[in-house]
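J.: Dropping in protein25.pdb, which is PDB, C-alpha atoms:
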ATOM      1  CA  MET A   1     -12.014 241.628   7.953
ATOM      2  CA  HIS A   2     -13.712 244.122  10.247
ATOM      3  CA  GLU A   3     -10.752 245.952  11.740
ATOM      4  CA  LEU A   4     -12.177 249.472  11.470
ATOM      5  CA  GLY A   5     -15.413 248.561  13.238
ATOM      6  CA  VAL A   6     -13.497 246.861  16.007
ATOM      7  CA  VAL A   7     -11.223 249.881  16.416
ATOM      8  CA  PHE A   8     -14.226 252.227  16.771
ATOM      9  CA  HIS A   9     -15.675 249.886  19.366
ATOM     10  CA  VAL A  10     -12.426 249.782  21.367
ATOM     11  CA  ILE A  11     -12.074 253.578  21.247
ATOM     12  CA  ASP A  12     -15.660 254.094  22.461
ATOM     13  CA  SER A  13     -15.101 251.663  25.336
ATOM     14  CA  VAL A  14     -11.790 253.085  26.544
ATOM     15  CA  GLU A  15     -12.939 256.701  26.200
ATOM     16  CA  GLU A  16     -15.977 255.977  28.344
ATOM     17  CA  LEU A  17     -13.753 254.388  30.956
ATOM     18  CA  ALA A  18     -11.278 257.278  30.762
ATOM     19  CA  LYS A  19     -14.043 259.776  31.541
ATOM     20  CA  GLU A  20     -15.169 257.736  34.554
ATOM     21  CA  ASN A  21     -11.601 257.733  35.863
ATOM     22  CA  ASN A  22     -10.769 261.426  35.213
ATOM     23  CA  VAL A  23      -8.061 260.518  32.761
ATOM     24  CA  LYS A  24      -6.231 263.357  30.954
ATOM     25  CA  HIS A  25      -4.701 261.263  28.227
ATOM     26  CA  ILE A  26      -4.539 257.609  27.150
ATOM     27  CA  ASN A  27      -0.937 256.685  26.297
ATOM     28  CA  SER A  28      -1.483 253.092  25.214
ATOM     29  CA  VAL A  29      -4.115 250.367  25.005
ATOM     30  CA  THR A  30      -3.315 246.645  25.223
ATOM     31  CA  LEU A  31      -5.500 244.154  23.363
ATOM     32  CA  GLU A  32      -5.482 240.357  23.609
ATOM     33  CA  ILE A  33      -6.299 238.845  20.245
ATOM     34  CA  GLY A  34      -6.814 235.166  19.443
ATOM     35  CA  THR A  35      -5.151 233.928  16.275
ATOM     36  CA  VAL A  36      -8.419 232.727  14.689
ATOM     37  CA  THR A  37     -10.510 235.866  15.186
ATOM     38  CA  GLY A  38      -9.946 236.850  11.564
ATOM     39  CA  VAL A  39      -8.495 240.162  12.747
ATOM     40  CA  VAL A  40      -5.297 241.092  10.919
ATOM     41  CA  PRO A  41      -2.963 242.920  13.357
ATOM     42  CA  SER A  42      -1.265 245.048  10.688
ATOM     43  CA  TYR A  43      -4.623 246.297   9.348
ATOM     44  CA  LEU A  44      -5.724 246.868  12.911
ATOM     45  CA  GLU A  45      -2.702 249.089  13.533
ATOM     46  CA  ASP A  46      -3.340 251.128  10.388
ATOM     47  CA  CYS A  47      -6.979 251.681  11.354
ATOM     48  CA  TRP A  48      -5.920 252.447  14.914
ATOM     49  CA  ASN A  49      -3.372 255.109  13.966
ATOM     50  CA  TRP A  50      -5.870 256.832  11.713
ATOM     51  CA  ALA A  51      -8.747 256.669  14.203
ATOM     52  CA  VAL A  52      -6.905 257.818  17.360
ATOM     53  CA  SER A  53      -5.672 260.985  15.597
ATOM     54  CA  LYS A  54      -9.311 262.122  15.602
ATOM     55  CA  HIS A  55      -9.753 261.737  19.371
ATOM     56  CA  GLU A  56      -8.308 264.412  21.628
ATOM     57  CA  LEU A  57      -7.856 262.056  24.605
ATOM     58  CA  MET A  58      -5.981 259.565  22.473
ATOM     59  CA  THR A  59      -3.628 261.454  20.157
ATOM     60  CA  GLU A  60      -0.625 259.235  19.400
ATOM     61  CA  CYS A  61      -2.016 256.542  21.684
ATOM     62  CA  LYS A  62      -0.046 253.320  21.104
ATOM     63  CA  LEU A  63      -1.689 249.988  20.344
ATOM     64  CA  LYS A  64      -0.137 246.942  22.013
ATOM     65  CA  ILE A  65      -1.227 243.502  20.847
ATOM     66  CA  GLU A  66      -0.794 240.258  22.805
ATOM     67  CA  LYS A  67      -1.557 237.116  20.814
ATOM     68  CA  ILE A  68      -3.545 234.155  22.153
ATOM     69  CA  ASP A  69      -2.806 230.834  20.381
ATOM     70  CA  ALA A  70      -5.717 228.877  18.917
ATOM     71  CA  ILE A  71      -6.305 225.410  20.431
ATOM     72  CA  THR A  72      -8.995 222.933  19.399
ATOM     73  CA  HIS A  73     -10.208 219.970  21.488
ATOM     74  CA  CYS A  74     -11.274 216.639  19.976
ATOM     75  CA  GLN A  75     -14.359 215.193  21.679
ATOM     76  CA  ASP A  76     -13.649 211.679  20.399
ATOM     77  CA  CYS A  77     -10.013 211.103  21.403
ATOM     78  CA  GLY A  78      -9.443 213.984  23.821
ATOM     79  CA  GLU A  79      -6.525 215.478  21.910
ATOM     80  CA  ASN A  80      -5.836 219.229  22.155
ATOM     81  CA  TYR A  81      -4.195 220.472  18.982
ATOM     82  CA  ASN A  82      -3.076 223.569  17.081
ATOM     83  CA  THR A  83      -6.090 224.981  15.205
ATOM     84  CA  ILE A  84      -4.052 227.034  12.762
ATOM     85  CA  ILE A  85      -2.270 223.940  11.421
ATOM     86  CA  TYR A  86      -5.035 221.310  11.548
ATOM     87  CA  GLY A  87      -8.330 223.236  11.410
ATOM     88  CA  LYS A  88     -11.527 221.446  12.419
ATOM     89  CA  THR A  89     -10.381 217.878  11.802
ATOM     90  CA  CYS A  90      -8.453 216.117  14.594
ATOM     91  CA  PRO A  91      -4.927 215.208  13.382
ATOM     92  CA  LYS A  92      -4.783 212.173  15.697
ATOM     93  CA  CYS A  93      -8.083 210.378  14.954
ATOM     94  CA  GLN A  94      -9.460 212.375  11.949
ATOM     95  CA  SER A  95     -12.715 213.123  13.804
ATOM     96  CA  PRO A  96     -14.629 216.281  12.805
ATOM     97  CA  ASN A  97     -16.253 216.250  16.256
ATOM     98  CA  THR A  98     -14.128 219.077  17.670
ATOM     99  CA  TYR A  99     -14.528 222.495  19.290
ATOM    100  CA  LEU A 100     -12.377 225.567  19.751
ATOM    101  CA  VAL A 101     -11.017 225.900  23.291
ATOM    102  CA  GLN A 102      -9.266 229.240  22.839
ATOM    103  CA  GLY A 103      -8.134 231.573  20.070
ATOM    104  CA  ASN A 104     -11.335 233.480  19.317
ATOM    105  CA  GLU A 105     -10.762 236.137  22.015
ATOM    106  CA  PHE A 106     -10.782 239.833  21.412
ATOM    107  CA  ASN A 107     -10.266 241.539  24.748
ATOM    108  CA  ILE A 108      -9.252 244.980  25.902
ATOM    109  CA  LYS A 109      -6.757 244.029  28.587
ATOM    110  CA  GLU A 110      -5.600 247.345  29.993
ATOM    111  CA  MET A 111      -4.683 250.921  29.217
ATOM    112  CA  GLU A 112      -1.862 253.193  30.308
ATOM    113  CA  VAL A 113      -3.101 256.659  31.191
ATOM    114  CA  ILE A 114      -2.119 259.954  32.799
TER     115      ILE A 114
ATOM    116  CA  MET B   1       6.334 264.328  34.646
ATOM    117  CA  GLU B   2       2.720 263.428  35.350
ATOM    118  CA  ASN B   3       1.940 260.105  36.957
ATOM    119  CA  VAL B   4       1.367 257.311  34.538
ATOM    120  CA  ARG B   5      -1.024 254.613  35.748
ATOM    121  CA  ILE B   6      -2.472 251.421  34.376
ATOM    122  CA  ILE B   7      -6.209 250.833  34.296
ATOM    123  CA  GLU B   8      -7.229 247.195  33.944
ATOM    124  CA  VAL B   9     -10.102 246.934  31.497
ATOM    125  CA  LYS B  10     -10.581 243.173  30.978
ATOM    126  CA  GLN B  11     -13.454 243.634  28.569
ATOM    127  CA  SER B  12     -14.261 241.331  25.691
ATOM    128  CA  ILE B  13     -15.391 243.128  22.550
ATOM    129  CA  PHE B  14     -17.513 240.176  21.460
ATOM    130  CA  ALA B  15     -18.931 239.674  24.970
ATOM    131  CA  ASP B  16     -19.914 243.348  25.082
ATOM    132  CA  ASN B  17     -21.794 243.088  21.803
ATOM    133  CA  ASN B  18     -23.415 239.833  22.955
ATOM    134  CA  ALA B  19     -24.722 241.547  26.095
ATOM    135  CA  ARG B  20     -26.226 244.378  24.052
ATOM    136  CA  ALA B  21     -27.740 241.892  21.615
ATOM    137  CA  ASN B  22     -29.380 240.001  24.503
ATOM    138  CA  GLU B  23     -30.823 243.244  25.871
ATOM    139  CA  LEU B  24     -32.284 244.067  22.469
ATOM    140  CA  ARG B  25     -33.799 240.572  22.159
ATOM    141  CA  GLN B  26     -35.495 240.940  25.550
ATOM    142  CA  GLU B  27     -37.019 244.270  24.534
ATOM    143  CA  LEU B  28     -38.233 242.757  21.262
ATOM    144  CA  LYS B  29     -39.853 239.942  23.236
ATOM    145  CA  GLN B  30     -41.704 242.433  25.449
ATOM    146  CA  ASN B  31     -42.879 244.402  22.417
ATOM    147  CA  LYS B  32     -43.803 241.226  20.523
ATOM    148  CA  ILE B  33     -41.595 242.046  17.571
ATOM    149  CA  PHE B  34     -39.768 239.277  15.732
ATOM    150  CA  LEU B  35     -36.401 240.279  14.254
ATOM    151  CA  LEU B  36     -34.929 238.145  11.487
ATOM    152  CA  ASN B  37     -31.285 238.574  10.459
ATOM    153  CA  LEU B  38     -30.768 237.533   6.840
ATOM    154  CA  MET B  39     -27.201 236.915   5.683
ATOM    155  CA  SER B  40     -25.482 235.718   2.515
ATOM    156  CA  SER B  41     -22.662 236.607   0.157
ATOM    157  CA  PRO B  42     -23.292 239.451  -2.326
ATOM    158  CA  GLY B  43     -25.577 238.373  -5.162
ATOM    159  CA  ALA B  44     -27.007 235.235  -3.533
ATOM    160  CA  GLY B  45     -30.501 236.716  -3.843
ATOM    161  CA  LYS B  46     -31.385 238.219  -0.446
ATOM    162  CA  THR B  47     -33.517 241.053  -1.826
ATOM    163  CA  THR B  48     -35.294 238.920  -4.464
ATOM    164  CA  THR B  49     -36.035 236.264  -1.825
ATOM    165  CA  LEU B  50     -37.399 238.932   0.521
ATOM    166  CA  CYS B  51     -39.704 240.264  -2.211
ATOM    167  CA  GLN B  52     -41.187 236.758  -2.542
ATOM    168  CA  VAL B  53     -41.514 236.358   1.243
ATOM    169  CA  ILE B  54     -43.237 239.751   1.479
ATOM    170  CA  ARG B  55     -45.638 238.832  -1.342
ATOM    171  CA  ILE B  56     -46.787 235.762   0.602
ATOM    172  CA  LEU B  57     -46.770 237.127   4.154
ATOM    173  CA  LYS B  58     -47.684 240.816   3.882
ATOM    174  CA  ASP B  59     -51.446 240.287   4.332
ATOM    175  CA  LYS B  60     -50.830 238.191   7.423
ATOM    176  CA  LEU B  61     -48.028 240.113   9.147
ATOM    177  CA  ASN B  62     -46.935 243.748   9.383
ATOM    178  CA  ILE B  63     -43.459 243.648   7.898
ATOM    179  CA  GLY B  64     -40.632 246.187   7.991
ATOM    180  CA  VAL B  65     -37.253 245.762   6.322
ATOM    181  CA  MET B  66     -33.840 247.279   7.082
ATOM    182  CA  GLU B  67     -31.416 247.137   4.202
ATOM    183  CA  ALA B  68     -27.770 247.361   5.259
ATOM    184  CA  ASP B  69     -25.224 248.196   2.608
ATOM    185  CA  ILE B  70     -22.001 250.083   2.306
ATOM    186  CA  ASP B  71     -23.600 252.479  -0.184
ATOM    187  CA  SER B  72     -26.691 253.205  -2.369
ATOM    188  CA  ASP B  73     -30.411 252.725  -1.673
ATOM    189  CA  VAL B  74     -31.328 250.402  -4.566
ATOM    190  CA  ASP B  75     -32.359 247.573  -2.227
ATOM    191  CA  ALA B  76     -34.567 249.741  -0.005
ATOM    192  CA  LYS B  77     -36.375 251.066  -3.091
ATOM    193  CA  LYS B  78     -36.919 247.560  -4.435
ATOM    194  CA  ILE B  79     -38.416 246.437  -1.100
ATOM    195  CA  ALA B  80     -40.610 249.564  -0.843
ATOM    196  CA  GLU B  81     -42.056 248.658  -4.257
ATOM    197  CA  CYS B  82     -43.241 245.367  -2.705
ATOM    198  CA  GLY B  83     -45.528 247.420  -0.463
ATOM    199  CA  VAL B  84     -43.870 247.326   2.960
ATOM    200  CA  LYS B  85     -41.912 249.867   4.960
ATOM    201  CA  SER B  86     -38.197 249.803   4.241
ATOM    202  CA  ILE B  87     -35.227 251.843   5.341
ATOM    203  CA  GLN B  88     -31.659 251.888   4.105
ATOM    204  CA  LEU B  89     -28.800 251.718   6.601
ATOM    205  CA  HIS B  90     -25.342 252.716   5.493
ATOM    206  CA  THR B  91     -22.568 251.018   7.391
ATOM    207  CA  GLY B  92     -19.948 253.662   6.590
ATOM    208  CA  GLY B  93     -17.638 251.173   4.920
ATOM    209  CA  MET B  94     -18.067 248.493   7.556
ATOM    210  CA  CYS B  95     -18.549 244.861   6.669
ATOM    211  CA  HIS B  96     -21.216 243.917   9.224
ATOM    212  CA  LEU B  97     -23.847 245.267  11.619
ATOM    213  CA  ASP B  98     -23.585 244.945  15.377
ATOM    214  CA  ALA B  99     -26.327 245.076  18.000
ATOM    215  CA  ASP B 100     -26.124 248.857  18.528
ATOM    216  CA  MET B 101     -26.376 249.613  14.826
ATOM    217  CA  THR B 102     -29.338 247.242  14.557
ATOM    218  CA  ARG B 103     -31.040 248.998  17.461
ATOM    219  CA  GLN B 104     -30.611 252.392  15.780
ATOM    220  CA  GLY B 105     -32.100 251.002  12.582
ATOM    221  CA  LEU B 106     -35.064 249.502  14.447
ATOM    222  CA  GLU B 107     -35.807 252.832  16.113
ATOM    223  CA  ASN B 108     -36.227 254.359  12.666
ATOM    224  CA  LEU B 109     -38.199 251.421  11.305
ATOM    225  CA  ILE B 110     -40.716 250.916  14.047
ATOM    226  CA  ASP B 111     -43.473 253.475  14.215
ATOM    227  CA  GLY B 112     -46.748 251.688  14.655
ATOM    228  CA  ASN B 113     -47.244 247.961  14.578
ATOM    229  CA  ILE B 114     -44.532 245.720  13.220
ATOM    230  CA  ASP B 115     -44.738 241.959  13.776
ATOM    231  CA  LEU B 116     -41.810 240.984  11.624
ATOM    232  CA  ALA B 117     -38.712 243.168  11.237
ATOM    233  CA  ILE B 118     -36.159 241.865   8.785
ATOM    234  CA  LEU B 119     -32.531 242.929   8.696
ATOM    235  CA  GLU B 120     -30.869 242.315   5.360
ATOM    236  CA  ASN B 121     -27.268 242.247   6.497
ATOM    237  CA  VAL B 122     -24.240 243.301   4.435
ATOM    238  CA  GLY B 123     -23.419 240.716   1.759
ATOM    239  CA  ASN B 124     -20.552 238.780   3.347
ATOM    240  CA  LEU B 125     -20.144 235.236   4.741
ATOM    241  CA  VAL B 126     -17.477 236.111   7.299
ATOM    242  CA  CYS B 127     -17.987 239.180   9.492
ATOM    243  CA  PRO B 128     -21.789 239.272   9.948
ATOM    244  CA  ALA B 129     -21.588 235.778  11.453
ATOM    245  CA  GLU B 130     -19.321 237.019  14.248
ATOM    246  CA  PHE B 131     -21.609 239.747  15.547
ATOM    247  CA  ASP B 132     -24.927 238.935  17.212
ATOM    248  CA  THR B 133     -27.387 241.595  16.005
ATOM    249  CA  GLY B 134     -30.047 240.834  18.606
ATOM    250  CA  ALA B 135     -32.116 238.924  16.060
ATOM    251  CA  VAL B 136     -34.498 236.185  17.213
ATOM    252  CA  LYS B 137     -33.478 233.918  14.327
ATOM    253  CA  ASN B 138     -30.626 233.982  11.827
ATOM    254  CA  VAL B 139     -31.153 232.787   8.292
ATOM    255  CA  MET B 140     -28.638 232.531   5.482
ATOM    256  CA  ILE B 141     -28.924 232.061   1.749
ATOM    257  CA  LEU B 142     -26.448 230.013  -0.261
ATOM    258  CA  SER B 143     -26.974 230.135  -4.018
ATOM    259  CA  VAL B 144     -26.168 227.260  -6.357
ATOM    260  CA  PRO B 145     -23.405 229.068  -8.343
ATOM    261  CA  GLU B 146     -21.439 229.610  -5.104
ATOM    262  CA  GLY B 147     -20.833 225.864  -4.743
ATOM    263  CA  ASP B 148     -21.646 223.048  -2.304
ATOM    264  CA  ASP B 149     -18.332 223.394  -0.455
ATOM    265  CA  LYS B 150     -19.210 226.662   1.318
ATOM    266  CA  PRO B 151     -20.113 225.021   4.673
ATOM    267  CA  LEU B 152     -16.547 223.697   4.713
ATOM    268  CA  LYS B 153     -14.980 227.047   3.848
ATOM    269  CA  TYR B 154     -17.107 229.359   6.015
ATOM    270  CA  PRO B 155     -18.094 227.176   8.978
ATOM    271  CA  LEU B 156     -19.148 229.883  11.436
ATOM    272  CA  ILE B 157     -22.069 231.315   9.463
ATOM    273  CA  PHE B 158     -23.549 227.797   9.099
ATOM    274  CA  GLN B 159     -23.148 227.288  12.854
ATOM    275  CA  VAL B 160     -24.935 230.482  13.896
ATOM    276  CA  CYS B 161     -27.889 230.152  11.513
ATOM    277  CA  ASP B 162     -31.232 228.496  12.265
ATOM    278  CA  ALA B 163     -32.199 228.047   8.631
ATOM    279  CA  LEU B 164     -30.380 227.746   5.321
ATOM    280  CA  ILE B 165     -32.096 228.746   2.088
ATOM    281  CA  ILE B 166     -30.530 227.231  -1.021
ATOM    282  CA  ASN B 167     -31.419 229.627  -3.820
ATOM    283  CA  LYS B 168     -31.292 229.469  -7.626
ATOM    284  CA  ILE B 169     -32.170 225.766  -7.830
ATOM    285  CA  ASP B 170     -33.455 226.456 -11.367
ATOM    286  CA  VAL B 171     -29.825 226.550 -12.588
ATOM    287  CA  LEU B 172     -28.809 223.258 -10.916
ATOM    288  CA  PRO B 173     -28.409 221.466 -14.300
ATOM    289  CA  TYR B 174     -25.671 223.929 -15.285
ATOM    290  CA  PHE B 175     -23.478 223.646 -12.179
ATOM    291  CA  ASP B 176     -21.589 220.868 -10.414
ATOM    292  CA  PHE B 177     -23.603 221.480  -7.279
ATOM    293  CA  ASP B 178     -24.427 218.356  -5.303
ATOM    294  CA  MET B 179     -27.561 218.933  -3.206
ATOM    295  CA  GLU B 180     -26.965 215.857  -1.027
ATOM    296  CA  LYS B 181     -23.400 216.913  -0.342
ATOM    297  CA  VAL B 182     -24.331 220.475   0.657
ATOM    298  CA  VAL B 183     -26.958 219.150   3.075
ATOM    299  CA  GLU B 184     -24.399 216.740   4.535
ATOM    300  CA  ASN B 185     -21.730 219.463   4.830
ATOM    301  CA  ALA B 186     -24.167 221.948   6.371
ATOM    302  CA  HIS B 187     -25.500 219.417   8.895
ATOM    303  CA  MET B 188     -21.958 218.480   9.872
ATOM    304  CA  ARG B 189     -21.507 222.115  10.943
ATOM    305  CA  ASN B 190     -24.957 222.420  12.474
ATOM    306  CA  PRO B 191     -27.229 219.363  12.839
ATOM    307  CA  LYS B 192     -30.258 221.540  13.730
ATOM    308  CA  LEU B 193     -30.109 223.641  10.554
ATOM    309  CA  GLU B 194     -33.433 223.713   8.640
ATOM    310  CA  ILE B 195     -32.832 223.640   4.884
ATOM    311  CA  PHE B 196     -35.110 225.120   2.201
ATOM    312  CA  PRO B 197     -34.226 224.750  -1.497
ATOM    313  CA  ILE B 198     -35.903 227.570  -3.445
ATOM    314  CA  CYS B 199     -35.885 229.578  -6.621
ATOM    315  CA  ALA B 200     -36.512 233.213  -5.671
ATOM    316  CA  LYS B 201     -37.051 234.175  -9.301
ATOM    317  CA  THR B 202     -40.002 231.809  -9.866
ATOM    318  CA  GLY B 203     -41.128 231.509  -6.236
ATOM    319  CA  GLU B 204     -40.568 227.727  -6.135
ATOM    320  CA  GLY B 205     -40.113 226.461  -2.573
ATOM    321  CA  ILE B 206     -40.779 229.864  -0.975
ATOM    322  CA  GLU B 207     -44.050 228.700   0.625
ATOM    323  CA  ASP B 208     -42.262 226.129   2.783
ATOM    324  CA  PHE B 209     -39.850 228.749   4.049
ATOM    325  CA  CYS B 210     -42.722 231.176   4.744
ATOM    326  CA  ALA B 211     -44.549 228.484   6.713
ATOM    327  CA  TRP B 212     -41.438 227.955   8.846
ATOM    328  CA  LEU B 213     -40.974 231.701   9.338
ATOM    329  CA  SER B 214     -44.649 232.278  10.264
ATOM    330  CA  LYS B 215     -44.387 229.530  12.853
ATOM    331  CA  GLN B 216     -41.279 231.176  14.387
ATOM    332  CA  VAL B 217     -43.042 234.564  14.563
ATOM    333  CA  GLU B 218     -46.123 232.976  16.128
ATOM    334  CA  ASP B 219     -44.057 231.127  18.756
ATOM    335  CA  TRP B 220     -42.114 234.302  19.632
ATOM    336  CA  LYS B 221     -45.309 236.304  20.180
ATOM    337  CA  LYS B 222     -46.811 233.672  22.494
ATOM    338  CA  ASP B 223     -46.744 234.126  26.310
TER     339      ASP B 223
END
I'd like the structure from this file rewritten - as structure tokens, please.
T.:
Amino acid sequence: MHELGVVFHVIDSVEELAKENNVKHINSVTLEIGTVTGVVPSYLEDCWNWAVSKHELMTECKLKIEKIDAITHCQDCGENYNTIIYGKTCPKCQSPNTYLVQGNEFNIKEMEVI
Amino acid sequence: MENVRIIEVKQSIFADNNARANELRQELKQNKIFLLNLMSSPGAGKTTTLCQVIRILKDKLNIGVMEADIDSDVDAKKIAECGVKSIQLHTGGMCHLDADMTRQGLENLIDGNIDLAILENVGNLVCPAEFDTGAVKNVMILSVPEGDDKPLKYPLIFQVCDALIINKIDVLPYFDFDMEKVVENAHMRNPKLEIFPICAKTGEGIEDFCAWLSKQVEDWKKD
């Protein structure tokens, strides 16, 4: 839903870091994205390719995406289950008393630079 | 061939925004300014509700409003007509405001004394909920025509809000909107959620919400 905003944020962050590290060019950036962040990777790539072309340090900089699976924990029966398939209701005991353990991450993992 | 190296970044985009939002909240606390983030889907009645809130509270509190939209300044003009300072923020096509954008808006809004700054966020039930703006309290409006199932469909926004305004109760007889069910669904997502049924057009129920809001502002300005 908010791919462009996220891309601007990532570019600002990595450019700042590049300046601190005397980087001449950023070749690629690796992001870790949880599967329930609402971020659509294909939109993200489109926004990315458009946005990096406007930044001298990042021309043709590649975007690498590593997915993090979404897991939800049931507080009533202790089950850990796949959030994408079952949502907020525990498939084992039908309890709605659950919370997301992982899958909402959006991290800049690393960047490859010269 | 120049040496290629890897720089580990390990930075969370959401965590970064959260840190900036916390900084902003601390500054607001020092300056005794209360920031309210108002969210809803487009057309739920944010601006009309605000006009009613301003009518009741403007003699008691110095109010300033930031209107965030993708385009136009119709909302800012409407708020200015209510007799308080308003500015229009354009998000440049983006679907939400983050803490930095909110800070920039506040810098333009606050000259002189403001007790209550209100951010009318972009109309959207998804993205604004994911980005902490630095607000002291988050409030959302759900209007009757949208349906009582929204807490089930858009859980996050109900989780992050402190109060839920249910607007357009004057049209309840024309919709299959079950008030008991919406309260039950909303409290399943967030047991602490305060709920205020109102009609922004007639002003019905607005006083209760204003009493709650005044109390929050008062508590924030203490100590």
J.: Please write as an MDAnalysis selection string the full residue list that the ChimeraX specification (/B :<8) & /A yields on this file.
T.: chainID A and resid 1:2 4:6 9:10 105:114
J.: Please, what is the axis-aligned box for every listed atom of stretch 35-46 of chain B with 8 Å on each side, as centre and edge lengths in Å to one decimal, as lines of an AutoDock Vina configuration file?
T.:
center_x = -29.5
center_y = 237.8
center_z = 4.5
size_x = 29.7
size_y = 21.0
size_z = 35.4
J.: Quick one: apply the PyMOL selection byres ((chain B and resi 71-82) around 9) to the file and drop the selected residues here as a ChimeraX atom specification.
T.: /B:47-48,50-52,54-55,65-70,83-93
J.: Show which residues sit within 7 Å of stretch 40-51 of chain A, as a list in words. Count only C-alpha atoms, and ignore same-chain residues fewer than 6 positions away.
T.: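 These residues fall inside the cut-off: Glu3, Leu4, Val7 and Leu63 of chain A.
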J.: List the residues selected by the PyMOL selection byres ((chain A and resi 87-89) around 10) in the file shown, writing them as a PyMOL selection string.
T.: (chain A and resi 70-74+81-86+90-100) or (chain B and resi 152+155)
J.: Quick one: residues within 9 Å of (-9.3, 231.1, 26.4) (file frame), counting all atoms listed in the file, please, as a list in words.
T.: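 Every residue inside that radius is included here: Gly34, Ile68, Asp69, Ala70, Ile71, Val101, Gln102, Gly103, Asn104 and Glu105 of chain A.
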J.: To one decimal place in Å, what is the distance between atom CA of B:Pro173 and atom CA of B:Leu193?
T.: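 Separation between atom CA of B:Pro173 and atom CA of B:Leu193: 25.0 Å.
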J.: Could you work out how far atom CA of B:Ala163 lies from atom CA of B:Asn138, giving the answer in Å with one decimal?
T.: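 Separation of atom CA of B:Asn138 and atom CA of B:Ala163: 6.9 Å.
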J.: What would stretch 120-125 of chain B look like with all heavy atoms restored, written as a short mmCIF file (atom, residue, chain, number, x, y, z; two decimals), in the coordinates of the input?
T.:
data_model
loop_
_atom_site.label_atom_id
_atom_site.label_comp_id
_atom_site.auth_asym_id
_atom_site.auth_seq_id
_atom_site.Cartn_x
_atom_site.Cartn_y
_atom_site.Cartn_z
N GLU B 120 -31.67 242.90 6.44
CA GLU B 120 -30.87 242.32 5.36
C GLU B 120 -29.44 242.79 5.58
O GLU B 120 -29.11 243.94 5.34
CB GLU B 120 -31.40 242.76 3.98
CG GLU B 120 -30.68 242.04 2.86
CD GLU B 120 -31.11 242.45 1.47
OE1 GLU B 120 -32.30 242.71 1.23
OE2 GLU B 120 -30.22 242.51 0.59
N ASN B 121 -28.62 241.89 6.08
CA ASN B 121 -27.27 242.25 6.50
C ASN B 121 -26.37 242.52 5.28
O ASN B 121 -26.75 242.25 4.15
CB ASN B 121 -26.69 241.12 7.36
CG ASN B 121 -25.79 241.62 8.47
OD1 ASN B 121 -24.96 242.49 8.24
ND2 ASN B 121 -25.96 241.09 9.66
N VAL B 122 -25.19 243.03 5.51
CA VAL B 122 -24.24 243.30 4.43
C VAL B 122 -23.85 241.97 3.78
O VAL B 122 -23.65 240.97 4.47
CB VAL B 122 -22.98 243.99 5.00
CG1 VAL B 122 -21.99 244.33 3.88
CG2 VAL B 122 -23.33 245.23 5.79
N GLY B 123 -23.77 241.94 2.46
CA GLY B 123 -23.42 240.72 1.76
C GLY B 123 -22.00 240.28 2.07
O GLY B 123 -21.04 240.92 1.64
N ASN B 124 -21.85 239.18 2.83
CA ASN B 124 -20.55 238.78 3.35
C ASN B 124 -20.77 237.51 4.19
O ASN B 124 -21.68 237.47 5.01
CB ASN B 124 -20.05 239.95 4.21
CG ASN B 124 -18.71 239.74 4.87
OD1 ASN B 124 -18.29 238.63 5.12
ND2 ASN B 124 -18.05 240.82 5.19
N LEU B 125 -19.96 236.48 3.98
CA LEU B 125 -20.14 235.24 4.74
C LEU B 125 -19.27 235.17 6.00
O LEU B 125 -19.32 234.19 6.72
CB LEU B 125 -19.83 234.02 3.86
CG LEU B 125 -20.77 233.70 2.70
CD1 LEU B 125 -20.31 232.44 1.98
CD2 LEU B 125 -22.20 233.54 3.16
#
